[in-house]
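Below is the file work.txt, which contains compact mmCIF, C-alpha atoms (C1' of nucleotides).
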```
# COMPACT_ATOMS: atom_id res chain seq x y z
CA MET A 1 77.74 -3.79 32.13
CA GLU A 2 75.50 -3.02 35.06
CA ASP A 3 72.54 -5.27 35.67
CA SER A 4 70.48 -2.32 36.89
CA LEU A 5 70.87 -0.74 33.48
CA PHE A 6 69.16 -3.53 31.58
CA ARG A 7 66.52 -3.96 34.22
CA ALA A 8 65.77 -0.25 33.98
CA LEU A 9 65.36 -0.49 30.23
CA ALA A 10 63.04 -3.48 30.52
CA ASP A 11 59.99 -1.42 31.41
CA PRO A 12 58.07 0.33 28.59
CA THR A 13 57.05 3.28 30.76
CA ARG A 14 60.68 3.96 31.55
CA ARG A 15 61.69 3.73 27.92
CA LYS A 16 58.95 6.21 27.12
CA ILE A 17 60.29 8.54 29.80
CA LEU A 18 63.73 8.32 28.25
CA GLU A 19 62.31 9.15 24.85
CA LEU A 20 60.54 12.17 26.29
CA LEU A 21 63.83 13.34 27.72
CA THR A 22 65.42 12.98 24.31
CA GLU A 23 63.36 15.91 23.09
CA LYS A 24 64.21 18.15 26.03
CA ASP A 25 64.87 18.15 29.74
CA ARG A 26 61.71 18.03 31.83
CA THR A 27 60.62 18.30 35.44
CA ALA A 28 59.19 15.31 37.29
CA GLY A 29 55.71 16.80 37.01
CA GLU A 30 55.98 17.41 33.29
CA ILE A 31 57.01 13.81 32.84
CA ALA A 32 54.37 12.42 35.16
CA GLU A 33 51.48 14.17 33.42
CA GLN A 34 52.29 12.28 30.23
CA PHE A 35 51.29 8.99 31.82
CA PRO A 36 47.97 7.62 33.04
CA ILE A 37 49.50 6.29 36.24
CA ALA A 38 49.92 8.01 39.62
CA PHE A 39 52.63 10.62 40.08
CA ALA A 40 54.16 8.50 42.80
CA SER A 41 54.48 5.61 40.38
CA VAL A 42 56.26 7.76 37.84
CA SER A 43 58.51 9.00 40.61
CA HIS A 44 59.39 5.40 41.32
CA HIS A 45 60.33 4.88 37.69
CA LEU A 46 62.44 8.02 37.75
CA GLY A 47 64.23 6.62 40.78
CA VAL A 48 65.00 3.41 38.91
CA LEU A 49 66.34 5.34 35.93
CA LYS A 50 68.46 7.46 38.19
CA ALA A 51 69.82 4.44 40.08
CA ALA A 52 70.84 3.02 36.70
CA ASP A 53 72.54 6.33 35.94
CA LEU A 54 70.43 6.75 32.81
CA VAL A 55 69.23 10.15 33.96
CA ALA A 56 70.56 12.93 36.17
CA THR A 57 68.64 15.47 38.21
CA GLU A 58 69.00 19.06 39.23
CA ARG A 59 66.78 20.91 41.63
CA GLU A 60 65.25 24.05 40.21
CA GLY A 61 63.22 25.73 42.91
CA GLN A 62 60.27 23.56 43.76
CA HIS A 63 60.84 21.50 40.65
CA ILE A 64 63.34 18.80 39.93
CA ARG A 65 64.58 18.74 36.40
CA TYR A 66 65.53 15.47 34.73
CA ARG A 67 67.93 15.09 31.85
CA LEU A 68 69.34 12.15 29.92
CA ASN A 69 72.78 10.88 30.74
CA THR A 70 73.85 10.28 27.17
CA THR A 71 77.18 8.81 28.19
CA VAL A 72 75.48 5.68 29.45
CA PHE A 73 73.61 5.20 26.21
CA GLN A 74 76.84 5.29 24.32
CA GLU A 75 78.07 2.53 26.62
CA VAL A 76 74.99 0.49 25.79
CA VAL A 77 75.52 0.94 22.09
CA ARG A 78 79.13 -0.05 22.50
CA TYR A 79 78.11 -3.12 24.50
CA PHE A 80 75.93 -4.37 21.69
CA MET A 81 78.28 -3.43 18.94
CA THR A 82 81.36 -5.04 20.40
CA ARG A 83 79.60 -8.26 21.38
CA PHE A 84 76.94 -8.73 18.77
CA GLY A 85 77.53 -5.86 16.41
CA GLY A 86 78.81 -7.16 13.13
CA GLU A 87 77.36 -4.47 10.90
CA GLY A 88 75.22 -2.67 13.43
CA ASP A 89 77.24 0.52 13.09
CA LYS A 90 75.93 1.85 9.84
CA HIS A 91 74.04 4.96 10.80
CA ALA A 92 70.85 5.17 8.72
CA MET B 1 60.63 -2.10 19.57
CA GLU B 2 59.29 -5.23 21.17
CA ASP B 3 58.83 -5.27 24.90
CA SER B 4 59.81 -8.94 25.04
CA LEU B 5 63.20 -8.00 23.64
CA PHE B 6 64.17 -5.72 26.50
CA ARG B 7 62.69 -8.02 29.09
CA ALA B 8 64.77 -10.85 27.64
CA LEU B 9 67.92 -8.79 27.92
CA ALA B 10 67.19 -7.85 31.52
CA ASP B 11 68.44 -11.13 32.96
CA PRO B 12 72.19 -11.66 33.42
CA THR B 13 72.02 -15.39 32.75
CA ARG B 14 70.37 -14.73 29.42
CA ARG B 15 72.94 -12.10 28.48
CA LYS B 16 75.64 -14.62 29.33
CA ILE B 17 73.97 -17.17 27.08
CA LEU B 18 73.96 -14.65 24.24
CA GLU B 19 77.65 -13.98 24.77
CA LEU B 20 78.37 -17.71 24.65
CA LEU B 21 76.53 -17.87 21.36
CA THR B 22 78.67 -15.06 20.04
CA GLU B 23 81.65 -17.37 20.05
CA LYS B 24 79.89 -20.20 18.29
CA ASP B 25 76.57 -21.97 17.95
CA ARG B 26 75.88 -24.43 20.75
CA THR B 27 73.37 -27.09 21.71
CA ALA B 28 71.04 -26.60 24.66
CA GLY B 29 73.10 -29.04 26.71
CA GLU B 30 76.39 -27.29 25.95
CA ILE B 31 74.84 -24.05 27.06
CA ALA B 32 73.23 -25.48 30.16
CA GLU B 33 76.42 -27.03 31.50
CA GLN B 34 77.98 -23.57 31.69
CA PHE B 35 75.57 -22.56 34.44
CA PRO B 36 75.09 -23.70 38.03
CA ILE B 37 71.32 -23.86 37.65
CA ALA B 38 69.10 -26.72 36.55
CA PHE B 39 68.92 -27.66 32.89
CA ALA B 40 65.20 -26.98 32.93
CA SER B 41 65.89 -23.44 34.14
CA VAL B 42 68.32 -22.81 31.31
CA SER B 43 65.76 -24.25 28.93
CA HIS B 44 63.31 -21.70 30.25
CA HIS B 45 65.79 -18.91 29.54
CA LEU B 46 66.36 -20.26 26.05
CA GLY B 47 62.61 -20.14 25.52
CA VAL B 48 62.52 -16.50 26.55
CA LEU B 49 65.37 -15.66 24.19
CA LYS B 50 63.66 -17.48 21.38
CA ALA B 51 60.33 -15.79 22.03
CA ALA B 52 62.18 -12.47 21.77
CA ASP B 53 63.65 -13.67 18.50
CA LEU B 54 67.16 -13.15 19.83
CA VAL B 55 68.09 -16.74 19.02
CA ALA B 56 66.99 -19.33 16.51
CA THR B 57 67.07 -23.09 16.79
CA GLU B 58 67.63 -26.05 14.59
CA ARG B 59 67.21 -29.66 15.55
CA GLU B 60 70.27 -31.79 15.01
CA GLY B 61 69.47 -35.35 15.90
CA GLN B 62 68.87 -35.57 19.61
CA HIS B 63 70.35 -32.13 20.10
CA ILE B 64 68.90 -28.73 19.47
CA ARG B 65 71.38 -26.18 18.26
CA TYR B 66 71.03 -22.54 19.19
CA ARG B 67 72.43 -19.63 17.24
CA LEU B 68 72.28 -15.86 17.59
CA ASN B 69 69.86 -13.93 15.47
CA THR B 70 72.19 -11.05 14.70
CA THR B 71 69.53 -9.12 12.81
CA VAL B 72 67.72 -8.34 16.03
CA PHE B 73 70.86 -7.01 17.64
CA GLN B 74 71.33 -4.63 14.81
CA GLU B 75 67.80 -3.41 15.46
CA VAL B 76 68.68 -2.85 19.10
CA VAL B 77 71.76 -0.86 18.20
CA ARG B 78 69.70 1.17 15.77
CA TYR B 79 67.08 1.79 18.45
CA PHE B 80 69.63 3.29 20.78
CA MET B 81 71.49 5.18 18.14
CA THR B 82 68.49 6.84 16.56
CA ARG B 83 66.89 7.81 19.84
CA PHE B 84 69.78 8.45 22.16
CA GLY B 85 72.75 8.05 19.93
CA GLY B 86 74.32 11.42 19.39
CA GLU B 87 77.88 10.19 18.96
CA GLY B 88 77.36 6.57 19.90
CA ASP B 89 78.26 5.43 16.41
CA LYS B 90 82.00 5.79 16.47
CA HIS B 91 83.28 2.25 16.41
CA ALA B 92 86.33 2.12 18.66
C1' DA C 1 55.23 30.34 60.58
C1' DC C 2 51.46 28.76 57.46
C1' DA C 3 49.47 27.39 53.32
C1' DA C 4 50.24 25.83 48.63
C1' DT C 5 52.78 23.30 45.27
C1' DA C 6 56.17 19.71 43.78
C1' DT C 7 58.22 15.54 44.57
C1' DT C 8 59.64 11.50 47.09
C1' DT C 9 59.09 7.81 50.50
C1' DA C 10 56.42 4.23 53.02
C1' DG C 11 53.42 0.49 53.22
C1' DA C 12 50.28 -2.68 50.90
C1' DT C 13 48.89 -5.67 47.11
C1' DA C 14 48.43 -8.07 42.67
C1' DG C 15 51.02 -9.74 38.95
C1' DT C 16 55.37 -11.35 37.03
C1' DT C 17 59.66 -13.96 37.02
C1' DG C 18 63.59 -17.17 38.08
C1' DT C 19 64.31 -21.33 39.98
C1' DA C 20 63.45 -26.18 41.38
C1' DT C 21 61.64 -31.01 40.81
C1' DA C 22 58.99 -34.13 38.30
C1' DA C 23 56.74 -35.54 34.16
C1' DA C 24 56.41 -35.44 29.18
C1' DT C 25 58.23 -35.45 24.43
C1' DA C 26 61.62 -36.45 20.85
C1' DT C 27 65.47 -38.85 18.84
C1' DC C 28 68.77 -42.51 18.57
C1' DT C 29 70.55 -47.30 19.11
C1' DC C 30 70.03 -51.90 19.88
C1' DG D 1 59.60 -51.36 20.73
C1' DA D 2 62.57 -50.80 24.95
C1' DG D 3 66.10 -48.20 26.95
C1' DA D 4 69.21 -44.21 26.92
C1' DT D 5 70.04 -39.44 26.10
C1' DA D 6 68.53 -34.57 25.15
C1' DT D 7 65.35 -31.15 25.77
C1' DT D 8 61.04 -29.09 26.95
C1' DT D 9 56.76 -28.56 29.59
C1' DA D 10 54.05 -28.59 33.93
C1' DT D 11 53.59 -27.25 38.55
C1' DA D 12 54.90 -24.93 42.64
C1' DC D 13 57.05 -21.35 45.23
C1' DA D 14 59.96 -17.49 46.83
C1' DA D 15 61.53 -13.10 45.26
C1' DC D 16 60.83 -9.10 42.69
C1' DT D 17 58.17 -5.33 40.52
C1' DA D 18 54.60 -1.98 39.12
C1' DT D 19 51.04 0.15 40.93
C1' DC D 20 48.12 2.34 44.41
C1' DT D 21 46.96 5.51 48.52
C1' DA D 22 48.66 8.01 52.25
C1' DA D 23 52.25 10.30 54.60
C1' DA D 24 56.58 12.80 54.54
C1' DT D 25 59.89 16.22 52.81
C1' DA D 26 61.27 20.40 50.38
C1' DT D 27 60.55 24.89 48.41
C1' DT D 28 58.07 29.23 47.63
C1' DG D 29 55.13 33.12 48.73
C1' DT D 30 52.42 35.53 51.89
```
Would you give me this structure, written as structure tokens?
Amino acid sequence: MEDSLFRALADPTRRKILELLTEKDRTAGEIAEQFPIAFASVSHHLGVLKAADLVATEREGQHIRYRLNTTVFQEVVRYFMTRFGGEGDKHA
Amino acid sequence: MEDSLFRALADPTRRKILELLTEKDRTAGEIAEQFPIAFASVSHHLGVLKAADLVATEREGQHIRYRLNTTVFQEVVRYFMTRFGGEGDKHA
DNA sequence: ACAATATTTAGATAGTTGTATAAATATCTC
DNA sequence: GAGATATTTATACAACTATCTAAATATTGT
């Protein structure tokens, strides 16, 4: 399991970004305007998420659209379930 | 979901400690001798894990025994499954 | 090609973190 | 209670990170 993955998840702003992307894909600007920090700072977070392969991007004209990479999340779930799971698999 | 939880998981040494505790409960010393770093440094990591409620302790004479708090792991799995899960719940 | 918009990259800085050594605390045995 | 063992706490420091402002890059429309 990649170290960059857990480090990426360690920041609350990045987790919030991921949750936003759960609802729907969004451009960098749409994401950035949800936070009180500078656009450049959000861009940095997006770079971290992308490096961890938690999100993927696609250029769309002037915009860059971000989407979740759900595959990686399934790997995370599997990581926890296989190592520490026990009964963690009952889906509420 | 607690911020301290994800920060605790972000360090590879701490994840290794958790995996050791999966096998069986261990004392601080037994854990520390598995790593090339100073005992005090491992103790610091144990403190972080405990603060995140990922482990619990029990004094046993001169030793202090650490065990996993599996409840918290189930919360982590649930966090990922509910937010990003999709099909992450099939247990291989 | 120029101006406008969207996004990233560069450079700087303050705060956090992982590690080390040394000192402190707790328990046990004699 | 003194000494030995186990563990944590204190202090210091180098490395990393989140943030900022400013500059750079990319795309679109005129």
Show me which bits of chain B are within 10 Å of chain D, counting all atoms listed in the file, as a list in words.
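Contact residues on the first chain: Thr27, Ala28, Gly29, Phe39, Ala40, Ser43, His44, Gly47, Gly61, Gln62, His63 and Ile64 of chain B.
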Taking into account only C-alpha atoms, which residue in the set B:Leu21, B:Leu68, B:Met81, B:Ala38 is nearest to Lys50 in chain B?
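When distances to Lys50 in chain B are compared using only C-alpha atoms, the smallest one comes from B:Leu68.
Checking B:Arg59, B:Arg78, B:Arg7, B:Arg26 one by one against DT17 in chain C, counting only C-alpha atoms (C1' of nucleotides), you find the shortest gap at B:Arg7.
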Quick one, how far is CA of Arg83 in chain B from CA of Leu18 in chain A?
9.0 Å
What's the separation between CA of Thr22 in chain A and CA of Ala51 in chain B, in Å to one decimal place?
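So the two atoms, CA of Thr22 in chain A and CA of Ala51 in chain B, lie 29.3 Å apart.
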Per residue of chain C within 9 Å of chain A, note the shortest atom pair and the distance in Å to one decimal, counting all atoms listed in the file, and order the rows by chain and increasing residue number, as a tab-separated table.
```
residue	atom	partner	partner_atom	distance
C:DT5	C1'	A:Gln62	CA	7.6
C:DA6	C1'	A:Gln62	CA	5.6
C:DT7	C1'	A:Ala28	CA	7.3
C:DT8	C1'	A:Ser43	CA	7.0
```
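With all atoms listed in the file taken into account, chain A has Asp3, Phe6, Arg7, Leu9, Ala10, Pro12, Glu19, Thr22, Thr70, Phe73, Gln74, Val77, Phe80, Arg83, Phe84, Gly85, Gly88 and Asp89 of chain A at most 7 Å from chain B.
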note - C1' of DG18 in chain C and CA of Tyr66 in chain B are separated by 21.0 Å
